[in-house]
$ cat input_7.cif   # mmCIF, C-alpha atoms and all ligand atoms
data_coords
#
loop_
_atom_site.group_PDB
_atom_site.id
_atom_site.type_symbol
_atom_site.label_atom_id
_atom_site.label_comp_id
_atom_site.auth_asym_id
_atom_site.auth_seq_id
_atom_site.Cartn_x
_atom_site.Cartn_y
_atom_site.Cartn_z
ATOM 1 C CA MET A 1 -1.063 -7.931 -30.975
ATOM 2 C CA ASN A 2 -0.505 -4.601 -32.690
ATOM 3 C CA ARG A 3 -3.187 -2.341 -31.274
ATOM 4 C CA THR A 4 -2.181 0.587 -29.051
ATOM 5 C CA LEU A 5 -2.700 -0.158 -25.359
ATOM 6 C CA ARG A 6 -4.386 2.709 -23.548
ATOM 7 C CA ILE A 7 -3.132 2.885 -19.950
ATOM 8 C CA GLY A 8 -5.395 4.676 -17.503
ATOM 9 C CA THR A 9 -4.025 6.590 -14.532
ATOM 10 C CA ARG A 10 -4.972 9.247 -12.019
ATOM 11 C CA GLY A 11 -3.557 12.655 -12.772
ATOM 12 C CA SER A 12 -1.472 13.225 -9.625
ATOM 13 C CA ALA A 13 2.282 13.611 -10.015
ATOM 14 C CA LEU A 14 2.764 10.322 -8.139
ATOM 15 C CA ALA A 15 0.256 8.410 -10.273
ATOM 16 C CA LEU A 16 1.714 9.804 -13.519
ATOM 17 C CA THR A 17 5.243 8.821 -12.479
ATOM 18 C CA GLN A 18 4.167 5.309 -11.531
ATOM 19 C CA THR A 19 2.256 4.869 -14.760
ATOM 20 C CA GLY A 20 5.190 6.283 -16.724
ATOM 21 C CA HIS A 21 7.428 3.482 -15.412
ATOM 22 C CA VAL A 22 4.857 0.865 -16.404
ATOM 23 C CA ALA A 23 4.505 2.426 -19.869
ATOM 24 C CA ASP A 24 8.298 2.503 -20.339
ATOM 25 C CA ALA A 25 8.608 -1.183 -19.448
ATOM 26 C CA LEU A 26 5.847 -2.103 -21.900
ATOM 27 C CA ARG A 27 7.415 0.024 -24.670
ATOM 28 C CA ALA A 28 10.780 -1.614 -24.046
ATOM 29 C CA ALA A 29 9.036 -4.943 -24.615
ATOM 30 C CA GLY A 30 7.799 -3.690 -27.981
ATOM 31 C CA ALA A 31 4.239 -2.661 -27.113
ATOM 32 C CA GLU A 32 2.620 0.549 -28.337
ATOM 33 C CA VAL A 33 1.125 2.412 -25.417
ATOM 34 C CA GLU A 34 -0.674 5.660 -24.734
ATOM 35 C CA ILE A 35 -1.385 7.193 -21.299
ATOM 36 C CA VAL A 36 -4.921 8.395 -20.527
ATOM 37 C CA THR A 37 -5.575 10.477 -17.393
ATOM 38 C CA ILE A 38 -8.827 9.767 -15.545
ATOM 39 C CA ALA A 39 -10.075 12.220 -12.876
ATOM 40 C CA THR A 40 -11.357 10.529 -9.701
ATOM 41 C CA PRO A 41 -13.631 12.002 -7.021
ATOM 42 C CA GLY A 42 -10.775 11.444 -4.530
ATOM 43 C CA ASP A 43 -8.658 13.945 -6.467
ATOM 44 C CA ARG A 44 -11.383 16.596 -6.336
ATOM 45 C CA SER A 45 -12.391 16.273 -2.648
ATOM 46 C CA HIS A 46 -10.428 17.574 0.312
ATOM 47 C CA ALA A 47 -12.406 15.699 2.997
ATOM 48 C CA PRO A 48 -10.610 13.113 5.168
ATOM 49 C CA ILE A 49 -10.330 9.724 3.428
ATOM 50 C CA ALA A 50 -12.203 8.095 6.322
ATOM 51 C CA GLU A 51 -15.227 10.252 5.406
ATOM 52 C CA ILE A 52 -15.206 9.934 1.624
ATOM 53 C CA GLY A 53 -14.746 6.178 1.708
ATOM 54 C CA ILE A 54 -12.628 3.344 0.416
ATOM 55 C CA GLY A 55 -11.949 3.269 -3.282
ATOM 56 C CA VAL A 56 -12.345 6.999 -3.968
ATOM 57 C CA PHE A 57 -9.095 7.020 -5.871
ATOM 58 C CA THR A 58 -9.604 3.791 -7.720
ATOM 59 C CA SER A 59 -13.232 3.181 -8.644
ATOM 60 C CA ALA A 60 -13.450 5.769 -11.447
ATOM 61 C CA LEU A 61 -10.330 4.250 -12.978
ATOM 62 C CA ARG A 62 -11.764 0.740 -12.650
ATOM 63 C CA ASP A 63 -15.027 1.864 -14.270
ATOM 64 C CA ALA A 64 -13.104 3.408 -17.173
ATOM 65 C CA LEU A 65 -11.245 0.110 -17.624
ATOM 66 C CA ALA A 66 -14.328 -2.087 -17.359
ATOM 67 C CA GLY A 67 -16.188 0.257 -19.758
ATOM 68 C CA GLY A 68 -13.466 0.025 -22.409
ATOM 69 C CA GLU A 69 -12.217 3.631 -22.223
ATOM 70 C CA VAL A 70 -8.760 2.265 -21.379
ATOM 71 C CA ASP A 71 -7.180 -1.215 -21.600
ATOM 72 C CA VAL A 72 -4.920 -1.144 -18.536
ATOM 73 C CA ALA A 73 -5.205 0.572 -15.146
ATOM 74 C CA VAL A 74 -2.269 1.315 -12.847
ATOM 75 C CA HIS A 75 -3.089 1.807 -9.159
ATOM 76 C CA SER A 76 -1.188 2.244 -5.915
ATOM 77 C CA TYR A 77 -2.056 -1.200 -4.624
ATOM 78 C CA LYS A 78 -2.761 -0.046 -1.085
ATOM 79 C CA ASP A 79 -5.516 2.276 -2.347
ATOM 80 C CA LEU A 80 -7.564 -0.617 -3.786
ATOM 81 C CA PRO A 81 -10.509 -1.971 -1.785
ATOM 82 C CA THR A 82 -9.948 -5.558 -0.616
ATOM 83 C CA ALA A 83 -13.061 -6.876 -2.404
ATOM 84 C CA PRO A 84 -12.095 -8.258 -5.827
ATOM 85 C CA ASP A 85 -13.666 -6.614 -8.882
ATOM 86 C CA PRO A 86 -15.096 -9.478 -10.987
ATOM 87 C CA ARG A 87 -14.848 -7.364 -14.177
ATOM 88 C CA LEU A 88 -11.074 -7.114 -13.876
ATOM 89 C CA SER A 89 -7.939 -9.221 -13.601
ATOM 90 C CA LEU A 90 -4.925 -8.300 -11.472
ATOM 91 C CA ALA A 91 -2.542 -9.039 -14.332
ATOM 92 C CA ALA A 92 0.711 -7.845 -12.724
ATOM 93 C CA VAL A 93 2.322 -6.762 -9.464
ATOM 94 C CA PRO A 94 5.630 -5.146 -10.526
ATOM 95 C CA PRO A 95 8.709 -5.308 -8.265
ATOM 96 C CA ARG A 96 7.798 -3.510 -5.079
ATOM 97 C CA GLU A 97 9.497 -0.328 -3.855
ATOM 98 C CA ASP A 98 10.696 -0.050 -0.263
ATOM 99 C CA PRO A 99 7.417 -0.527 1.667
ATOM 100 C CA ARG A 100 8.386 1.420 4.805
ATOM 101 C CA ASP A 101 7.052 4.740 6.029
ATOM 102 C CA ALA A 102 9.362 7.733 6.207
ATOM 103 C CA LEU A 103 9.629 10.893 8.274
ATOM 104 C CA ILE A 104 10.324 14.291 6.778
ATOM 105 C CA ALA A 105 11.070 16.634 9.675
ATOM 106 C CA ARG A 106 12.430 20.157 10.043
ATOM 107 C CA ASP A 107 16.135 20.578 10.662
ATOM 108 C CA GLY A 108 16.942 16.950 9.804
ATOM 109 C CA LEU A 109 15.306 15.634 12.967
ATOM 110 C CA THR A 110 14.427 11.967 13.551
ATOM 111 C CA LEU A 111 11.286 10.830 15.366
ATOM 112 C CA GLY A 112 13.182 10.376 18.636
ATOM 113 C CA GLU A 113 14.695 13.856 18.371
ATOM 114 C CA LEU A 114 11.369 15.695 17.951
ATOM 115 C CA PRO A 115 10.729 17.735 21.106
ATOM 116 C CA PRO A 116 7.492 17.005 23.015
ATOM 117 C CA GLY A 117 4.650 19.085 21.599
ATOM 118 C CA SER A 118 5.992 18.854 18.052
ATOM 119 C CA ARG A 119 3.239 18.901 15.426
ATOM 120 C CA VAL A 120 3.417 15.810 13.214
ATOM 121 C CA GLY A 121 1.053 15.544 10.251
ATOM 122 C CA THR A 122 -0.601 12.305 9.254
ATOM 123 C CA GLY A 123 -4.171 11.403 8.352
ATOM 124 C CA ALA A 124 -3.996 7.626 8.349
ATOM 125 C CA PRO A 125 -5.463 5.983 11.483
ATOM 126 C CA ARG A 126 -2.794 3.260 11.148
ATOM 127 C CA ARG A 127 0.004 5.819 11.431
ATOM 128 C CA VAL A 128 -1.766 7.763 14.184
ATOM 129 C CA ALA A 129 -2.231 4.600 16.301
ATOM 130 C CA GLN A 130 1.381 3.470 15.931
ATOM 131 C CA LEU A 131 2.870 6.938 16.498
ATOM 132 C CA ALA A 132 0.673 7.520 19.567
ATOM 133 C CA ALA A 133 1.786 4.170 21.024
ATOM 134 C CA LEU A 134 5.418 5.342 20.994
ATOM 135 C CA GLY A 135 4.570 7.811 23.769
ATOM 136 C CA LEU A 136 6.665 10.654 22.401
ATOM 137 C CA GLY A 137 4.338 13.443 23.545
ATOM 138 C CA ILE A 138 4.014 14.717 19.996
ATOM 139 C CA GLU A 139 0.816 16.253 18.653
ATOM 140 C CA LEU A 140 -0.680 14.339 15.725
ATOM 141 C CA VAL A 141 -2.298 16.660 13.209
ATOM 142 C CA PRO A 142 -4.794 15.342 10.611
ATOM 143 C CA LEU A 143 -3.416 15.763 7.109
ATOM 144 C CA ARG A 144 -4.138 14.797 3.549
ATOM 145 C CA GLY A 145 -3.483 16.007 0.066
ATOM 146 C CA ASN A 146 -0.763 15.061 -2.363
ATOM 147 C CA VAL A 147 2.813 14.282 -1.370
ATOM 148 C CA ASP A 148 4.094 17.694 -2.466
ATOM 149 C CA SER A 149 1.560 19.688 -0.447
ATOM 150 C CA ARG A 150 2.215 17.557 2.657
ATOM 151 C CA ILE A 151 5.963 18.135 2.481
ATOM 152 C CA ARG A 152 5.392 21.844 1.882
ATOM 153 C CA LYS A 153 3.689 22.125 5.297
ATOM 154 C CA VAL A 154 7.037 21.262 6.901
ATOM 155 C CA ARG A 155 8.947 23.660 4.649
ATOM 156 C CA ASP A 156 6.421 26.431 5.504
ATOM 157 C CA GLY A 157 6.755 25.804 9.254
ATOM 158 C CA GLU A 158 3.102 24.839 9.673
ATOM 159 C CA LEU A 159 4.180 21.368 10.870
ATOM 160 C CA ASP A 160 7.384 20.043 12.457
ATOM 161 C CA ALA A 161 7.199 16.789 10.507
ATOM 162 C CA VAL A 162 5.082 14.564 8.279
ATOM 163 C CA VAL A 163 4.978 10.786 7.904
ATOM 164 C CA LEU A 164 4.572 9.463 4.361
ATOM 165 C CA ALA A 165 5.127 6.274 2.393
ATOM 166 C CA ARG A 166 8.802 6.123 1.401
ATOM 167 C CA ALA A 167 7.798 4.715 -1.991
ATOM 168 C CA GLY A 168 5.805 7.793 -2.947
ATOM 169 C CA ILE A 169 8.655 10.117 -1.983
ATOM 170 C CA ALA A 170 11.134 7.922 -3.872
ATOM 171 C CA ARG A 171 9.020 7.766 -7.033
ATOM 172 C CA LEU A 172 8.917 11.568 -7.029
ATOM 173 C CA GLY A 173 12.722 11.635 -6.763
ATOM 174 C CA ARG A 174 12.770 13.314 -3.345
ATOM 175 C CA THR A 175 14.424 10.714 -1.087
ATOM 176 C CA GLU A 176 17.094 13.209 -0.009
ATOM 177 C CA GLU A 177 14.395 15.084 1.926
ATOM 178 C CA ILE A 178 13.700 12.060 4.151
ATOM 179 C CA THR A 179 15.126 12.558 7.643
ATOM 180 C CA GLU A 180 14.364 9.011 8.918
ATOM 181 C CA THR A 181 13.040 5.811 7.373
ATOM 182 C CA LEU A 182 10.875 4.262 10.066
ATOM 183 C CA ASP A 183 11.743 0.772 11.262
ATOM 184 C CA PRO A 184 8.798 -1.617 10.795
ATOM 185 C CA ILE A 185 9.281 -2.619 14.452
ATOM 186 C CA GLN A 186 7.873 0.834 15.299
ATOM 187 C CA MET A 187 5.725 1.465 12.256
ATOM 188 C CA LEU A 188 4.335 -1.349 10.142
ATOM 189 C CA PRO A 189 3.327 -0.018 6.743
ATOM 190 C CA ALA A 190 -0.128 -0.269 5.179
ATOM 191 C CA PRO A 191 -0.783 -3.635 3.555
ATOM 192 C CA ALA A 192 0.583 -3.466 -0.024
ATOM 193 C CA GLN A 193 2.348 -0.127 0.540
ATOM 194 C CA GLY A 194 4.989 0.499 -2.098
ATOM 195 C CA ALA A 195 3.429 -1.937 -4.568
ATOM 196 C CA LEU A 196 1.522 -1.212 -7.775
ATOM 197 C CA ALA A 197 -1.479 -3.136 -9.075
ATOM 198 C CA VAL A 198 -1.780 -3.374 -12.863
ATOM 199 C CA GLU A 199 -5.218 -4.447 -14.029
ATOM 200 C CA CYS A 200 -6.893 -5.309 -17.329
ATOM 201 C CA ARG A 201 -10.367 -6.558 -18.283
ATOM 202 C CA VAL A 202 -10.924 -10.147 -17.206
ATOM 203 C CA ASP A 203 -11.734 -11.267 -20.789
ATOM 204 C CA ASP A 204 -8.724 -9.500 -22.380
ATOM 205 C CA VAL A 205 -6.355 -12.459 -22.211
ATOM 206 C CA ASP A 206 -3.801 -11.032 -24.686
ATOM 207 C CA THR A 207 -3.251 -7.962 -22.530
ATOM 208 C CA GLU A 208 -3.270 -10.075 -19.383
ATOM 209 C CA HIS A 209 -0.452 -12.270 -20.749
ATOM 210 C CA LEU A 210 1.575 -9.285 -21.916
ATOM 211 C CA LEU A 211 1.291 -7.479 -18.569
ATOM 212 C CA GLN A 212 2.051 -10.630 -16.635
ATOM 213 C CA SER A 213 5.124 -11.563 -18.658
ATOM 214 C CA VAL A 214 6.618 -8.056 -18.827
ATOM 215 C CA LEU A 215 5.760 -6.635 -15.409
ATOM 216 C CA ASP A 216 4.865 -9.247 -12.804
ATOM 217 C CA ASP A 217 7.216 -10.062 -9.924
ATOM 218 C CA SER A 218 6.154 -13.230 -8.133
ATOM 219 C CA ALA A 219 7.865 -12.423 -4.805
ATOM 220 C CA SER A 220 6.188 -8.996 -4.635
ATOM 221 C CA ARG A 221 2.868 -10.557 -5.583
ATOM 222 C CA ALA A 222 3.126 -13.196 -2.838
ATOM 223 C CA ALA A 223 4.137 -10.697 -0.130
ATOM 224 C CA VAL A 224 1.321 -8.349 -0.999
ATOM 225 C CA ALA A 225 -1.192 -11.214 -1.247
ATOM 226 C CA ALA A 226 -0.411 -12.229 2.346
ATOM 227 C CA GLU A 227 -0.762 -8.665 3.652
ATOM 228 C CA ARG A 228 -3.983 -8.026 1.793
ATOM 229 C CA ALA A 229 -5.522 -11.357 2.824
ATOM 230 C CA MET A 230 -4.805 -10.387 6.420
ATOM 231 C CA LEU A 231 -6.482 -7.022 5.903
ATOM 232 C CA ALA A 232 -9.491 -8.565 4.135
ATOM 233 C CA ALA A 233 -9.952 -11.102 6.928
ATOM 234 C CA LEU A 234 -9.928 -8.294 9.472
ATOM 235 C CA GLU A 235 -12.713 -6.757 7.384
ATOM 236 C CA ALA A 236 -10.992 -3.510 7.933
ATOM 237 C CA GLY A 237 -10.823 -1.624 4.653
ATOM 238 C CA CYS A 238 -7.991 0.653 3.637
ATOM 239 C CA SER A 239 -8.209 3.368 6.280
ATOM 240 C CA ALA A 240 -8.597 1.082 9.317
ATOM 241 C CA PRO A 241 -5.750 0.909 11.818
ATOM 242 C CA VAL A 242 -4.040 -2.193 10.429
ATOM 243 C CA GLY A 243 -0.410 -2.531 9.411
ATOM 244 C CA ALA A 244 1.200 -5.532 7.745
ATOM 245 C CA LEU A 245 4.503 -6.419 6.168
ATOM 246 C CA ALA A 246 5.563 -9.658 4.498
ATOM 247 C CA ASP A 247 9.164 -10.388 3.587
ATOM 248 C CA VAL A 248 10.464 -13.197 1.441
ATOM 249 C CA VAL A 249 13.076 -14.983 3.592
ATOM 250 C CA GLU A 250 15.413 -17.938 3.119
ATOM 251 C CA ASP A 251 14.693 -20.983 5.243
ATOM 252 C CA LEU A 252 15.865 -24.604 5.327
ATOM 253 C CA ASP A 253 13.558 -27.494 4.537
ATOM 254 C CA ASP A 254 13.674 -30.902 6.295
ATOM 255 C CA ASP A 255 16.547 -32.016 4.062
ATOM 256 C CA GLY A 256 18.559 -28.881 4.755
ATOM 257 C CA ALA A 257 17.911 -27.352 1.330
ATOM 258 C CA VAL A 258 17.314 -23.612 1.068
ATOM 259 C CA VAL A 259 13.675 -22.704 0.420
ATOM 260 C CA LEU A 260 12.049 -19.316 0.124
ATOM 261 C CA ARG A 261 9.302 -18.597 2.626
ATOM 262 C CA LEU A 262 7.102 -15.675 3.579
ATOM 263 C CA SER A 263 7.476 -14.001 6.944
ATOM 264 C CA LEU A 264 4.453 -11.870 7.835
ATOM 265 C CA ARG A 265 4.091 -9.334 10.641
ATOM 266 C CA GLY A 266 0.806 -7.647 11.519
ATOM 267 C CA VAL A 267 -0.446 -4.951 13.872
ATOM 268 C CA MET A 268 -3.981 -3.887 14.726
ATOM 269 C CA ALA A 269 -5.087 -1.051 17.001
ATOM 270 C CA THR A 270 -7.952 -1.624 19.415
ATOM 271 C CA GLU A 271 -10.551 1.050 20.114
ATOM 272 C CA ASP A 272 -8.613 1.907 23.286
ATOM 273 C CA GLY A 273 -5.521 2.579 21.210
ATOM 274 C CA ASP A 274 -3.652 -0.541 22.340
ATOM 275 C CA LEU A 275 -1.622 -2.251 19.645
ATOM 276 C CA LEU A 276 -2.024 -5.984 19.064
ATOM 277 C CA ARG A 277 0.859 -7.648 17.233
ATOM 278 C CA ALA A 278 1.408 -11.058 15.705
ATOM 279 C CA SER A 279 3.773 -12.682 13.239
ATOM 280 C CA ALA A 280 4.008 -15.981 11.370
ATOM 281 C CA THR A 281 5.936 -17.684 8.589
ATOM 282 C CA GLY A 282 4.480 -19.790 5.778
ATOM 283 C CA ASP A 283 4.940 -21.151 2.285
ATOM 284 C CA LEU A 284 5.390 -18.702 -0.555
ATOM 285 C CA THR A 285 2.694 -20.622 -2.412
ATOM 286 C CA ALA A 286 0.168 -20.233 0.436
ATOM 287 C CA ALA A 287 0.377 -16.478 0.973
ATOM 288 C CA GLU A 288 -3.317 -15.891 1.477
ATOM 289 C CA GLU A 289 -3.642 -18.709 4.012
ATOM 290 C CA LEU A 290 -0.801 -17.105 5.964
ATOM 291 C CA GLY A 291 -2.558 -13.736 5.927
ATOM 292 C CA ARG A 292 -5.846 -15.247 7.064
ATOM 293 C CA ALA A 293 -4.133 -17.198 9.847
ATOM 294 C CA LEU A 294 -2.466 -14.046 11.151
ATOM 295 C CA ALA A 295 -5.776 -12.165 11.033
ATOM 296 C CA ALA A 296 -7.393 -14.953 13.067
ATOM 297 C CA GLU A 297 -4.601 -14.664 15.635
ATOM 298 C CA LEU A 298 -5.052 -10.884 15.882
ATOM 299 C CA LEU A 299 -8.810 -11.299 16.270
ATOM 300 C CA ASP A 300 -8.192 -13.881 19.006
ATOM 301 C CA LEU A 301 -5.929 -11.415 20.807
ATOM 302 C CA SER A 302 -8.529 -8.673 20.473
ATOM 303 C CA GLY A 303 -11.247 -10.814 22.041
ATOM 304 C CA LEU A 304 -13.444 -10.015 19.027
ATOM 305 C CA ALA A 305 -12.829 -13.353 17.347
ATOM 306 C CA PRO A 306 -15.576 -15.830 16.683
ATOM 307 C CA ALA A 307 -14.477 -19.152 18.228
ATOM 308 C CA ARG A 308 -11.708 -20.638 16.080
ATOM 309 C CA SER A 309 -13.583 -23.932 15.678
ATOM 310 C CA GLU A 310 -16.421 -22.143 13.869
ATOM 311 C CA GLY A 311 -13.925 -21.170 11.196
ATOM 312 C CA ARG A 312 -13.891 -17.903 9.334
ATOM 313 C CA SER A 313 -14.828 -18.058 5.699
HETATM 314 N N1 LIG A 401 -3.222 6.933 -0.013
HETATM 315 C C1 LIG A 401 -2.220 7.764 -0.574
HETATM 316 C C2 LIG A 401 -1.078 7.012 -1.140
HETATM 317 N N2 LIG A 401 -1.256 5.941 -1.937
HETATM 318 C C3 LIG A 401 -0.022 5.458 -2.278
HETATM 319 C C4 LIG A 401 0.935 6.251 -1.676
HETATM 320 C C5 LIG A 401 2.384 6.088 -1.743
HETATM 321 C C6 LIG A 401 2.933 5.053 -2.659
HETATM 322 C C7 LIG A 401 2.653 3.627 -2.246
HETATM 323 O O1 LIG A 401 2.469 3.298 -1.070
HETATM 324 O O2 LIG A 401 2.646 2.793 -3.155
HETATM 325 C C8 LIG A 401 0.266 7.264 -0.968
HETATM 326 C C9 LIG A 401 0.869 8.367 -0.195
HETATM 327 C C10 LIG A 401 1.298 8.021 1.211
HETATM 328 O O3 LIG A 401 0.685 7.158 1.871
HETATM 329 O O4 LIG A 401 2.245 8.629 1.700
#
$ encode --input "input_7.cif" --output "structure tokens" --more "lines below"
Ligand SMILES: NCc1[nH]cc(CCC(=O)O)c1CC(=O)O
Amino acid sequence: MNRTLRIGTRGSALALTQTGHVADALRAAGAEVEIVTIATPGDRSHAPIAEIGIGVFTSALRDALAGGEVDVAVHSYKDLPTAPDPRLSLAAVPPREDPRDALIARDGLTLGELPPGSRVGTGAPRRVAQLAALGLGIELVPLRGNVDSRIRKVRDGELDAVVLARAGIARLGRTEEITETLDPIQMLPAPAQGALAVECRVDDVDTEHLLQSVLDDSASRAAVAAERAMLAALEAGCSAPVGALADVVEDLDDDGAVVLRLSLRGVMATEDGDLLRASATGDLTAAEELGRALAAELLDLSGLAPARSEGRS
């Protein structure tokens, strides 16, 4: 295969950095690649994500890929809608960055050190629900925009702190500005946070094989598959108050041999702001079943579940 692969990306600093890493890995494997920036309506609008809808950052990129303008699309996985796009193949999930959320606060403060009344910026309902449940007496201020502009609000004194994905801060080379990485016991990340999704057209099998062999990490793929299956089964979409985190853990089988398994934790906020939590462990090869089972448990806890015996398709 000696054509140049055109890799589509959003134009934000974060997206360009992420895509740059993917391009470097493909070049190191001998491929010729070219990066093409695609503007998305999500980049142009300043409205809250909950208002402009799921997929604002990703659908223009997917259309450009399906329409043949580019051959590969690189997304932040957590920004993708849960519904599969039949035109495209998820060819690779590269090794995942640290999936946790992080605090950037004034004066090096941690969450527990923020005085009551502190103004903490975050737009995501998932983060709002989990921060509110900690009962710290902080004021949660709606916030969006790119990583740089969010951090600047702390530097400018407009906010006392912001909560962001650690992975985004790390990819921009700014980890030294983090004042606390939040423990998933307090703050479960968004499903697929810290992971990238690398797509190609479903009929482009040469590109699919190249992406898969050069970039795919099976442990990251399995962890993210469990989290996303949980989210999809909760029919929640990307801005709903759902957190999930799967870890690959070592376990012993019946004969005492070490096997790798997936350990999945999930949290869902009710309309009253209560947090429902559940966790389960399952086979690495049955990630989606594990995610669906945990979603069913959370729905049971919420009282919203259809009777288990009816099954959820
Ligand atoms: N929706 C915005 C978005 N999409 C991906 C990341 C960070 C990188 C990642 O999670 O992969 C961010 C910023 C944030 O949530 O702080």
$ closest_atom_pairs --input "input_7.cif" --of "chain A" --to "ligand LIG 401 (chain A)" --cutoff "9 Å" --atoms "all atoms listed in the file" --output "tab-separated table"
residue	atom	partner	partner_atom	distance
A:Leu14	CA	A:LIG401	C6	7.6
A:Ala15	CA	A:LIG401	C3	8.5
A:Gln18	CA	A:LIG401	O2	8.9
A:Ile49	CA	A:LIG401	N1	8.4
A:Phe57	CA	A:LIG401	N1	8.3
A:His75	CA	A:LIG401	O2	8.4
A:Ser76	CA	A:LIG401	O2	4.8
A:Tyr77	CA	A:LIG401	O2	6.3
A:Lys78	CA	A:LIG401	O1	6.2
A:Asp79	CA	A:LIG401	N2	5.6
A:Arg96	CA	A:LIG401	O2	8.4
A:Glu97	CA	A:LIG401	O2	7.6
A:Asp98	CA	A:LIG401	O1	8.9
A:Pro99	CA	A:LIG401	O1	6.8
A:Arg100	CA	A:LIG401	O1	8.5
A:Asp101	CA	A:LIG401	O4	7.5
A:Ala102	CA	A:LIG401	O4	8.5
A:Thr122	CA	A:LIG401	O4	8.9
A:Ala124	CA	A:LIG401	O3	8.0
A:Arg144	CA	A:LIG401	C1	8.4
A:Gly145	CA	A:LIG401	C1	8.4
A:Asn146	CA	A:LIG401	C9	7.2
A:Val147	CA	A:LIG401	C9	6.3
A:Arg150	CA	A:LIG401	O4	9.0
A:Val163	CA	A:LIG401	O4	7.1
A:Leu164	CA	A:LIG401	O4	3.6
A:Ala165	CA	A:LIG401	O4	3.8
A:Arg166	CA	A:LIG401	O4	7.0
A:Ala167	CA	A:LIG401	C6	4.9
A:Gly168	CA	A:LIG401	C6	4.0
A:Ile169	CA	A:LIG401	C5	7.5
A:Ala170	CA	A:LIG401	C6	8.8
A:Arg171	CA	A:LIG401	C6	8.0
A:Pro189	CA	A:LIG401	O1	8.5
A:Ala190	CA	A:LIG401	O1	7.6
A:Pro191	CA	A:LIG401	O1	8.9
A:Ala192	CA	A:LIG401	O1	7.1
A:Gln193	CA	A:LIG401	O1	3.8
A:Gly194	CA	A:LIG401	O2	3.4
A:Ala195	CA	A:LIG401	O2	5.0
A:Leu196	CA	A:LIG401	O2	6.2
A:Cys238	CA	A:LIG401	N1	8.7
A:Ser239	CA	A:LIG401	N1	8.8
$ write_last_selection --input "input_7.cif" --atoms "C-alpha atoms" --output "PDB file, in the coordinates of the input"
ATOM      1  CA  LEU A  14       2.764  10.322  -8.139  1.00  0.00           C
ATOM      2  CA  ALA A  15       0.256   8.410 -10.273  1.00  0.00           C
ATOM      3  CA  GLN A  18       4.167   5.309 -11.531  1.00  0.00           C
ATOM      4  CA  ILE A  49     -10.330   9.724   3.428  1.00  0.00           C
ATOM      5  CA  PHE A  57      -9.095   7.020  -5.871  1.00  0.00           C
ATOM      6  CA  HIS A  75      -3.089   1.807  -9.159  1.00  0.00           C
ATOM      7  CA  SER A  76      -1.188   2.244  -5.915  1.00  0.00           C
ATOM      8  CA  TYR A  77      -2.056  -1.200  -4.624  1.00  0.00           C
ATOM      9  CA  LYS A  78      -2.761  -0.046  -1.085  1.00  0.00           C
ATOM     10  CA  ASP A  79      -5.516   2.276  -2.347  1.00  0.00           C
ATOM     11  CA  ARG A  96       7.798  -3.510  -5.079  1.00  0.00           C
ATOM     12  CA  GLU A  97       9.497  -0.328  -3.855  1.00  0.00           C
ATOM     13  CA  ASP A  98      10.696  -0.050  -0.263  1.00  0.00           C
ATOM     14  CA  PRO A  99       7.417  -0.527   1.667  1.00  0.00           C
ATOM     15  CA  ARG A 100       8.386   1.420   4.805  1.00  0.00           C
ATOM     16  CA  ASP A 101       7.052   4.740   6.029  1.00  0.00           C
ATOM     17  CA  ALA A 102       9.362   7.733   6.207  1.00  0.00           C
ATOM     18  CA  THR A 122      -0.601  12.305   9.254  1.00  0.00           C
ATOM     19  CA  ALA A 124      -3.996   7.626   8.349  1.00  0.00           C
ATOM     20  CA  ARG A 144      -4.138  14.797   3.549  1.00  0.00           C
ATOM     21  CA  GLY A 145      -3.483  16.007   0.066  1.00  0.00           C
ATOM     22  CA  ASN A 146      -0.763  15.061  -2.363  1.00  0.00           C
ATOM     23  CA  VAL A 147       2.813  14.282  -1.370  1.00  0.00           C
ATOM     24  CA  ARG A 150       2.215  17.557   2.657  1.00  0.00           C
ATOM     25  CA  VAL A 163       4.978  10.786   7.904  1.00  0.00           C
ATOM     26  CA  LEU A 164       4.572   9.463   4.361  1.00  0.00           C
ATOM     27  CA  ALA A 165       5.127   6.274   2.393  1.00  0.00           C
ATOM     28  CA  ARG A 166       8.802   6.123   1.401  1.00  0.00           C
ATOM     29  CA  ALA A 167       7.798   4.715  -1.991  1.00  0.00           C
ATOM     30  CA  GLY A 168       5.805   7.793  -2.947  1.00  0.00           C
ATOM     31  CA  ILE A 169       8.655  10.117  -1.983  1.00  0.00           C
ATOM     32  CA  ALA A 170      11.134   7.922  -3.872  1.00  0.00           C
ATOM     33  CA  ARG A 171       9.020   7.766  -7.033  1.00  0.00           C
ATOM     34  CA  PRO A 189       3.327  -0.018   6.743  1.00  0.00           C
ATOM     35  CA  ALA A 190      -0.128  -0.269   5.179  1.00  0.00           C
ATOM     36  CA  PRO A 191      -0.783  -3.635   3.555  1.00  0.00           C
ATOM     37  CA  ALA A 192       0.583  -3.466  -0.024  1.00  0.00           C
ATOM     38  CA  GLN A 193       2.348  -0.127   0.540  1.00  0.00           C
ATOM     39  CA  GLY A 194       4.989   0.499  -2.098  1.00  0.00           C
ATOM     40  CA  ALA A 195       3.429  -1.937  -4.568  1.00  0.00           C
ATOM     41  CA  LEU A 196       1.522  -1.212  -7.775  1.00  0.00           C
ATOM     42  CA  CYS A 238      -7.991   0.653   3.637  1.00  0.00           C
ATOM     43  CA  SER A 239      -8.209   3.368   6.280  1.00  0.00           C
TER      44      SER A 239
END
$ axis_aligned_box --input "input_7.cif" --around "range 68-76 of chain A" --padding-each-side "8 Å" --output "lines of an AutoDock Vina configuration file"
center_x = -7.3
center_y = 1.2
center_z = -14.2
size_x = 28.3
size_y = 20.8
size_z = 32.5
$ residues_around --input "input_7.cif" --residues "Ala23 in chain A" --least-positions-apart "3" --cutoff "8 Å" --atoms "only C-alpha atoms" --output "list in words"
Ile7, Thr19, Gly20, Leu26, Arg27, Val33, Glu34 and Ile35 of chain A
